[in-house]
Every structure is written in structure tokens, then in C-alpha cells.
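Presented below is the structure to which this report refers.
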Amino acid sequence: MSLKIFNTLSRSIEEFIPLDPTGRSVRMYCCGPTVHNFAHIGNFRTFVFTDLMRRYLEFKGFEVIHAMNITDVEDKIIAAVRTTGRDLKSYTGEYEAAFLTDFDSLLCARPHLLPHATDHISGIVKLIGTLMEKGIAYRSPDGSVYFSIEKYRASGAKYGQLLNLNFEEMRAGERVSTDEYAKESIADFALWKARMPGDGAVFWPSPWGEGRPGWHIECSAMSMELLGPSFDLHLGGEDLVFPHHEDEIAQSEGAGLQTHGHRFVKYWMHGAHLLVEGKKMAKSLGNFFTLRDLISKGSSGREIRFLLLSAHYRESFNFTIEGLNGARTALARIDELIGKLGEIAGPQTGAVETETIDRFTHSMDQDLNVSAAWGGIFEWVREKNRMVAAGTMTPALAASALATWKRMDSVFALASVSGAAEEIPAEITALLEARQAAKKEKNFKRADEIRADLKAKGWLVEDTPNGPRLKRI
Ligand SMILES: [Zn+2]
């Protein structure tokens with residue numbers, strides 16, 4: 001069964017065939033966070049989507065090299081450093097650490113490579129130098145270096161590969177120095193920004209004078225340096241299609257480092273945006289959530305991950321508190337079944353149910369059709385529950401069902417077997433142990449008191465033949 005994905009480059013569903021002639025290794029790059037603030041839930045939708053893609057490729061047997069950059073120098077960061085009076089490294093370091101903590105709590109696998117823009121200045125300068133030599137970059141009177149769209153197009157290259165741009169309305173010769181700009185201005189963009197008084201201590205030397213790199217060139221330089229001039233997969237949020245990704249293509253292909261017939265990137269995938277309670281997130285509407293806001297309101301990273309994984313990545317998704325409650329219930333259903341299966345299976349191990357895995361693979365192969373995959377999983381949960389209730393779930397069948405769930409969960413990474421156990425706070429485990437000790441001493445009054453105490457704290461104790469089991473109420 002082959003994987004098919006929607007390639008933004010061709011605006012169509014294509015079969016995924018890696019560049020590696022042996023067909024085994026896949027190199028993927030995801031645009032990472034700009035570390036100037038806590039990332040919000042919309043940002044994390046993209047990172048959970050990229051994690052899903054990586055895990056599914058691994059599930060399919062590919063060896064994935066996953067790179068994600070940390071943008072630690074860029075317009076918004078410079079502005080924040082200026083207003084806070086802090087040093088660049090300490091400022092960005094703090095938000096990077098916060099980002100990675102959030103990333104981990106969403107159970108995303110850490111990328112193999114996490115390059116920082118400020119560690120790659122020499123590679124960035126070198127790439128700009130190549131574009132200068134090719135005549136498609138020029139130095140402006142203020143000492144900044146710009147990419148010339150006109151020269152690039154004159155060389156026969158296409159600007160506007162990921163989306164159709166209207167050159168009739170293009171304001172020729174116009175330049176933008178900011179990292180983010182509107183679609184209306186197909187203007188020359190900055191590769192190197194000359195040092196300005198407001199930049200403070202944030203500057204590096206270059207053949208064109210002191211300054212700092214533009215945001216777009218950072219990703220071109222780092223991705224090609226780490227993954228080669230041509231690689232398989234580039235992912236990001238749909239808001240990055242233009243100008244960021246279009247500019248990445250222009251810079252990377254403009255430098256001409258690819259061997260004949262190869263593109264900079266073979267497949268581009270973009271995740272759709274997220275609405276919160278039906279509206280675009282805005283601080284003024286009170287629906288702007290960072291991950292830590294949601295966790296402080298009582299949600300777990302696992303529940304948020306599950307909710308984000310419930311919708312197809314190309315559909316805009318309405319994130320709601322009601323949805324989070326639904327996620328909790330759905331996960332509890334899975335956890336309950338997995339718990340029961342574990343008790344029935346005991347130490348026995350089993351082989352996966354081939355048919356169930358085939359059905360799952362068939363769904364996911366269709367451009368990561370998670371709705372179909374989840375539909376199949378919940379049907380499977382119902383069937384297993386029926387068997388448990390009817391007493392037909394033998395230890396061998398239970399072991400096989402557990403192996404099947406584990407295999408599917410290698411993609412979703414909800415870790416309901418060990419993860420659920422890990423989420424039990426130490427205080428609760430200690431109480432459970434105290435209750436066991438009381439029971440052993442036949443102090444049933446004390447044991448009941450502890451059980452009531454646990455209940456008040458939101459945990460139910462179920463005594464099973466294999467010992468007590470905790471369940472969230
Ligand atoms: Zn990028």
C-alpha cells in the first residue's frame with residue numbers, strides 16, 4: 001500500500017516516493033518556532049501535524065531525518081530585545097526552552113536536528129554570496145541585500161510555484177525589508193538587513209557590511225546545509241505558503257545547487273489554520289490560548305494532542321472547550337479497554353491483527369485521513385468491549401489486541417498503556433499504596449477512608465484480580 005499526500009507544489013494528491021534511490025530514507029524539514037513569545041495552540045496544530053507525518057512515515061518503514069529550525073533572530077525578536085533591554089541569547093533561550101517543554105507535553109517526538117539561525121550565519125552569508133554571484137541579488141544603497149524577483153524571472157525561473165501570483169499588479173522594483181509582508185506586494189525581499197541603530201548588539205559582519213539575515217534566507221541555508229540541496233518534504237502552516245515558502249524556493253533554486261532535474265523540495269505539505277470557539281484567535285476576543293493556558297485550566301497535553309489529531313490537517317479546525325471534554329471522554333474509553341485487555345492478557349504477548357492494521361494503513365495512506373482511521377479505531381474499541389463483556393476475550397486474543405493498539409498508537413502517540421499510568425500524580429500513587437498497606441493489616445476502616453479521599457481527589461479505585469486499578473472520575 002502506498003502513501004498518497006497532497007503536494008502544494010502540484011495542488012494535487014501524489015504518491016509519496018522519496019528521493020533516496022533505495023526508497024528507505026526520507027529527509028524532512030519543518031519551519032519551527034520564532035522564539036519571542038509562548039507559542040499558541042494554532043502554532044501547535046502545525047507541530048502536531050508534522051509529528052503525525054513523521055511518525056506515519058516511520059510506521060511505513062521509512063528512516064526519517066527530521067529537521068526543525070529555531071528562528072532566533074528576526075524582526076519581532078529584535079523588537080522584543082529592544083523593548084526589554086535583554087540580551088538576544090538569554091531572551092530567545094528562555095522562549096525556546098518553554099517551547100520545547102510545550103512540544104514535549106504534546107508528546108511530539110523531538111526532531112533529530114534543531115538548528116538555530118544564529119549558529120548558521122556563515123552558511124547564510126555564503127548562500128547570499130552565491131545569489132550575488134548569480135546576479136539575482138543586489139546590494140541597496142543602505143547596505144542591505146535584496147533578492148531580485150525580476151532577475152530571477154529573467155533567468156527563466158518561476159516565482160509563484162506554490163500559489164498563482166498576479167504579476168500584472170506587481171509593483172516592479174519595490175522592495176520590502178520586513179520579514180512578513182502581504183500577498184499584494186510581490187516585491188524584492190531582504191536577504192541581508194544592514195545594521196540599524198535599533199538593532200542594538202544584534203549584528204554580524206558580512207561582505208556587504210554589518211547586519212543580520214532576513215527570515216526567509218535562514219530556512220533556505222539551514223535546510224540545504226543539513227539535508228542537502230534537494231530533499232523530500234517541507235512542512236509548515238498554510239500561513240507560510242507566501243511569502244516565506246515561495247521565497248525559500250526562489251532563494252534555494254536561484255542559487256542553483258540542485259543537480260539537473262531536481263527541485264529544492266519534492267513535496268510541500270501545509271497544515272490548515274485553527275479557529276477557537278468558531279473565531280480567529282484574538283486576545284481581544286478572549287479566545288487566544290497558549291498551550292500553558294489550556295494546561296492551567298486542567299487539560300492535559302495528551303487530551304489536546306488527541307483533539308488536534310482528530311481533524312484532517314488540510315481542514316480548518318474549530319478548537320473548543322467542548323471538544324476538549326469530548327477528547328477526555330474518548331481517551332478514557334480507550335484507556336479503559338486497554339486496561340481490561342492488559343488484565344486479561346497478563347504476561348502473554350501476541351501478534352498484531354493484520355486486518356485491523358491494514359484498515360488503519362489504508363485510511364492513513366489517503367493523505368493522512370485521520371477521520372477514517374479514528375472511525376475504524378472506535379469501531380474496533382466497541383467490538384473488543386463486546387467480546388470482553390461476553391467473556392470471549394481470551395488471554396491470547398487480548399494480547400493480540402494490545403499489540404494491535406500499540407502498533408496504531410506508534411502513529412498517534414497517545415501512549416495509553418504507559419502514558420496513562422505516568423499521568424497519575426505521585427500523591428495519588430502514595431495514597432493507593434497506603435490503602436494497600438491498610439488492607440494488608442486488615443485495617444479496612446482506614447482503607448475505606450483512603451478510598452474516599454482518593455475519590456474526593458478525582459480518582460476511583462477498582463479492585464481487580466491483578467490488584468487495584470486507578471481510574472479518573
Ligand atoms: Zn521556514
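Just remember, in the C-alpha cells the first chain shown is A, the second B, etc., residues are 1-based per chain, and ligands are 1-based in the order shown.
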
Determine which residues of segment 128-273 of chain A receive a DSSP assignment of strand (DSSP E or B), computed from the backbone, and state them as a PDB file with N, CA and C atoms, in the first residue's frame.
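Once everything was written out, this is states_10.pdb:
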ATOM      1  N   ALA A 137      20.737  38.771  -6.789  1.00  0.00           N
ATOM      2  CA  ALA A 137      20.631  39.530  -5.538  1.00  0.00           C
ATOM      3  C   ALA A 137      21.451  40.801  -5.738  1.00  0.00           C
ATOM      4  N   TYR A 138      21.053  41.856  -5.068  1.00  0.00           N
ATOM      5  CA  TYR A 138      21.776  43.124  -5.228  1.00  0.00           C
ATOM      6  C   TYR A 138      21.834  43.866  -3.908  1.00  0.00           C
ATOM      7  N   ARG A 139      22.839  44.714  -3.809  1.00  0.00           N
ATOM      8  CA  ARG A 139      23.009  45.492  -2.587  1.00  0.00           C
ATOM      9  C   ARG A 139      22.324  46.841  -2.796  1.00  0.00           C
ATOM     10  N   VAL A 145      20.941  43.669   1.410  1.00  0.00           N
ATOM     11  CA  VAL A 145      20.979  42.894   0.172  1.00  0.00           C
ATOM     12  C   VAL A 145      19.575  42.360  -0.092  1.00  0.00           C
ATOM     13  N   TYR A 146      19.112  42.532  -1.322  1.00  0.00           N
ATOM     14  CA  TYR A 146      17.766  42.096  -1.699  1.00  0.00           C
ATOM     15  C   TYR A 146      17.794  41.030  -2.784  1.00  0.00           C
ATOM     16  N   PHE A 147      16.765  40.241  -2.795  1.00  0.00           N
ATOM     17  CA  PHE A 147      16.566  39.252  -3.856  1.00  0.00           C
ATOM     18  C   PHE A 147      15.808  39.945  -4.982  1.00  0.00           C
ATOM     19  N   ARG A 175      10.594  47.242  -2.901  1.00  0.00           N
ATOM     20  CA  ARG A 175      11.345  46.368  -2.002  1.00  0.00           C
ATOM     21  C   ARG A 175      10.642  46.283  -0.650  1.00  0.00           C
ATOM     22  N   VAL A 176      10.728  45.108  -0.034  1.00  0.00           N
ATOM     23  CA  VAL A 176      10.240  45.010   1.343  1.00  0.00           C
ATOM     24  C   VAL A 176      11.399  44.593   2.227  1.00  0.00           C
ATOM     25  N   ASP A 188      10.777  42.689  -4.127  1.00  0.00           N
ATOM     26  CA  ASP A 188      12.087  42.157  -3.764  1.00  0.00           C
ATOM     27  C   ASP A 188      12.167  42.121  -2.239  1.00  0.00           C
ATOM     28  N   PHE A 189      12.676  41.028  -1.721  1.00  0.00           N
ATOM     29  CA  PHE A 189      12.699  40.883  -0.256  1.00  0.00           C
ATOM     30  C   PHE A 189      14.136  40.840   0.254  1.00  0.00           C
ATOM     31  N   ALA A 190      14.287  41.195   1.510  1.00  0.00           N
ATOM     32  CA  ALA A 190      15.631  41.334   2.087  1.00  0.00           C
ATOM     33  C   ALA A 190      16.264  39.985   2.417  1.00  0.00           C
ATOM     34  N   LEU A 191      17.505  39.823   1.979  1.00  0.00           N
ATOM     35  CA  LEU A 191      18.279  38.627   2.332  1.00  0.00           C
ATOM     36  C   LEU A 191      19.194  38.967   3.516  1.00  0.00           C
ATOM     37  N   TRP A 192      19.741  40.174   3.440  1.00  0.00           N
ATOM     38  CA  TRP A 192      20.635  40.655   4.494  1.00  0.00           C
ATOM     39  C   TRP A 192      20.188  42.066   4.845  1.00  0.00           C
ATOM     40  N   LYS A 193      19.992  42.317   6.113  1.00  0.00           N
ATOM     41  CA  LYS A 193      19.490  43.635   6.530  1.00  0.00           C
ATOM     42  C   LYS A 193      20.614  44.423   7.183  1.00  0.00           C
ATOM     43  N   ALA A 194      20.931  45.556   6.607  1.00  0.00           N
ATOM     44  CA  ALA A 194      22.022  46.380   7.143  1.00  0.00           C
ATOM     45  C   ALA A 194      21.732  46.768   8.584  1.00  0.00           C
ATOM     46  N   TRP A 204      26.074  40.953  12.698  1.00  0.00           N
ATOM     47  CA  TRP A 204      27.224  40.122  12.350  1.00  0.00           C
ATOM     48  C   TRP A 204      27.925  40.785  11.160  1.00  0.00           C
ATOM     49  N   GLY A 211      25.290  43.514   9.759  1.00  0.00           N
ATOM     50  CA  GLY A 211      23.829  43.408   9.686  1.00  0.00           C
ATOM     51  C   GLY A 211      23.372  42.055  10.178  1.00  0.00           C
ATOM     52  N   ARG A 212      22.206  41.653   9.716  1.00  0.00           N
ATOM     53  CA  ARG A 212      21.635  40.363  10.145  1.00  0.00           C
ATOM     54  C   ARG A 212      20.843  39.765   8.984  1.00  0.00           C
ATOM     55  N   PRO A 213      20.635  38.459   9.020  1.00  0.00           N
ATOM     56  CA  PRO A 213      19.929  37.841   7.894  1.00  0.00           C
ATOM     57  C   PRO A 213      18.422  38.110   7.925  1.00  0.00           C
ATOM     58  N   PHE A 231      15.674  17.900  -1.047  1.00  0.00           N
ATOM     59  CA  PHE A 231      15.201  16.925  -0.056  1.00  0.00           C
ATOM     60  C   PHE A 231      13.721  16.649  -0.267  1.00  0.00           C
ATOM     61  N   ASP A 232      13.208  15.674   0.484  1.00  0.00           N
ATOM     62  CA  ASP A 232      11.881  15.134   0.171  1.00  0.00           C
ATOM     63  C   ASP A 232      10.688  16.001   0.531  1.00  0.00           C
ATOM     64  N   LEU A 233      10.723  16.490   1.747  1.00  0.00           N
ATOM     65  CA  LEU A 233       9.479  17.001   2.317  1.00  0.00           C
ATOM     66  C   LEU A 233       9.710  18.280   3.109  1.00  0.00           C
ATOM     67  N   HIS A 234       8.880  19.274   2.842  1.00  0.00           N
ATOM     68  CA  HIS A 234       8.956  20.516   3.613  1.00  0.00           C
ATOM     69  C   HIS A 234       7.553  20.786   4.115  1.00  0.00           C
ATOM     70  N   LEU A 235       7.430  20.987   5.422  1.00  0.00           N
ATOM     71  CA  LEU A 235       6.105  21.195   6.010  1.00  0.00           C
ATOM     72  C   LEU A 235       6.028  22.507   6.767  1.00  0.00           C
ATOM     73  N   GLY A 236       4.812  22.975   6.924  1.00  0.00           N
ATOM     74  CA  GLY A 236       4.590  24.186   7.700  1.00  0.00           C
ATOM     75  C   GLY A 236       3.117  24.529   7.705  1.00  0.00           C
ATOM     76  N   GLY A 237       2.790  25.606   8.393  1.00  0.00           N
ATOM     77  CA  GLY A 237       1.400  26.065   8.418  1.00  0.00           C
ATOM     78  C   GLY A 237       1.074  26.771   7.106  1.00  0.00           C
ATOM     79  N   VAL A 265      12.684  21.128  -3.100  1.00  0.00           N
ATOM     80  CA  VAL A 265      11.870  20.235  -2.284  1.00  0.00           C
ATOM     81  C   VAL A 265      10.904  19.485  -3.205  1.00  0.00           C
ATOM     82  N   LYS A 266      10.774  18.189  -2.972  1.00  0.00           N
ATOM     83  CA  LYS A 266       9.878  17.407  -3.830  1.00  0.00           C
ATOM     84  C   LYS A 266       8.403  17.554  -3.434  1.00  0.00           C
ATOM     85  N   TYR A 267       8.150  17.494  -2.136  1.00  0.00           N
ATOM     86  CA  TYR A 267       6.745  17.602  -1.663  1.00  0.00           C
ATOM     87  C   TYR A 267       6.631  18.697  -0.611  1.00  0.00           C
ATOM     88  N   TRP A 268       5.660  19.566  -0.807  1.00  0.00           N
ATOM     89  CA  TRP A 268       5.352  20.603   0.197  1.00  0.00           C
ATOM     90  C   TRP A 268       4.007  20.262   0.821  1.00  0.00           C
ATOM     91  N   MET A 269       3.965  20.260   2.137  1.00  0.00           N
ATOM     92  CA  MET A 269       2.685  19.989   2.815  1.00  0.00           C
ATOM     93  C   MET A 269       2.376  21.135   3.776  1.00  0.00           C
ATOM     94  N   HIS A 270       1.127  21.573   3.750  1.00  0.00           N
ATOM     95  CA  HIS A 270       0.740  22.689   4.611  1.00  0.00           C
ATOM     96  C   HIS A 270      -0.477  22.357   5.463  1.00  0.00           C
ATOM     97  N   GLY A 271      -0.375  22.668   6.728  1.00  0.00           N
ATOM     98  CA  GLY A 271      -1.481  22.435   7.651  1.00  0.00           C
ATOM     99  C   GLY A 271      -2.396  23.653   7.676  1.00  0.00           C
TER     100      GLY A 271
END

Protein and nucleic residues near ligand 1, 10 Å, only C-alpha atoms and all ligand atoms, as a VMD selection string: chain A and resid 29 to 34 68 to 71 215 to 220 222 to 223 234 to 237 240 to 241 244 to 245 247 to 248

Can I get the selection written as a compact mmCIF listing (two decimals), in the first residue's frame, with C-alpha atoms?
# COMPACT_ATOMS: atom_id res chain seq x y z
CA TYR A 29 12.20 19.97 7.19
CA CYS A 30 9.59 21.84 9.19
CA CYS A 31 9.60 25.55 9.80
CA GLY A 32 9.99 25.83 13.53
CA PRO A 33 9.04 28.48 16.05
CA THR A 34 10.16 32.07 16.19
CA MET A 68 13.14 21.82 12.54
CA ASN A 69 14.73 25.23 12.81
CA ILE A 70 14.61 27.59 15.73
CA THR A 71 14.29 31.14 14.42
CA TRP A 215 14.00 35.33 7.93
CA HIS A 216 13.44 33.59 4.58
CA ILE A 217 17.12 33.00 3.82
CA GLU A 218 17.64 31.38 7.22
CA CYS A 219 15.43 28.42 6.29
CA SER A 220 16.97 28.00 2.82
CA MET A 222 19.84 25.68 7.16
CA SER A 223 17.67 23.17 5.34
CA HIS A 234 8.96 20.52 3.61
CA LEU A 235 6.10 21.20 6.01
CA GLY A 236 4.59 24.19 7.70
CA GLY A 237 1.40 26.06 8.42
CA LEU A 240 3.80 30.28 5.48
CA VAL A 241 2.99 29.48 1.84
CA HIS A 244 8.03 32.54 3.30
CA HIS A 245 7.98 29.26 1.38
CA ASP A 247 10.87 32.88 -1.09
CA GLU A 248 12.61 29.77 0.19

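Minimum atom-to-atom distance to Ile136 of chain A, evaluated using only C-alpha atoms, belongs to A:Gln251 out of A:Gln436, A:Ser230, A:Gln251, A:Ser90.
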
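The residue set within 9 Å of Cys108 of chain A, counting only C-alpha atoms and dropping same-chain residues fewer than 6 places from it, reads Phe47, Val48, Thr50, Asp51, Leu52, Arg305 and Ala413 of chain A.
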
Mind checking which residues fall within 12 Å of Asp102 of chain A, counting only C-alpha atoms, ignoring those fewer than 5 positions away in the same chain, and posting them as an MDAnalysis selection string? chainID A and resid 33 38:41 43:44 47:48 95:97 107:110 290:295 300:302 304:305

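For the pair atom CA of Gly135 of chain A and atom CA of Thr118 of chain A, the separation is 25.9 Å.
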
So that I can see what lies close to Ser371 of chain A, please list as a tab-separated table (two decimals) with N, CA and C atoms, in the first residue's frame the residues with an atom at most 7 Å from it, counting only C-alpha atoms and leaving out residues fewer than 2 positions away in the same chain.
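Saved file around-v9.tsv follows:
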chain	number	residue	atom	x	y	z
A	310	SER	N	-7.69	14.80	15.75
A	310	SER	CA	-8.98	14.26	15.34
A	310	SER	C	-9.46	14.82	14.01
A	311	ALA	N	-8.83	15.90	13.55
A	311	ALA	CA	-9.27	16.52	12.29
A	311	ALA	C	-8.19	16.41	11.23
A	312	HIS	N	-8.62	16.37	9.99
A	312	HIS	CA	-7.67	16.29	8.88
A	312	HIS	C	-6.83	17.58	8.80
A	369	ASN	N	-5.72	10.40	6.32
A	369	ASN	CA	-7.14	10.52	6.63
A	369	ASN	C	-7.43	10.03	8.06
A	373	ALA	N	-9.40	6.78	10.00
A	373	ALA	CA	-8.60	5.95	10.91
A	373	ALA	C	-9.25	5.88	12.29
A	374	TRP	N	-9.68	7.03	12.81
A	374	TRP	CA	-10.33	7.05	14.13
A	374	TRP	C	-11.66	6.31	14.09
A	375	GLY	N	-12.38	6.46	12.99
A	375	GLY	CA	-13.66	5.74	12.84
A	375	GLY	C	-13.42	4.25	13.01

Where in segment 104-325 of chain A does DSSP assign alpha helix (DSSP H), given as a count of residues only? 62
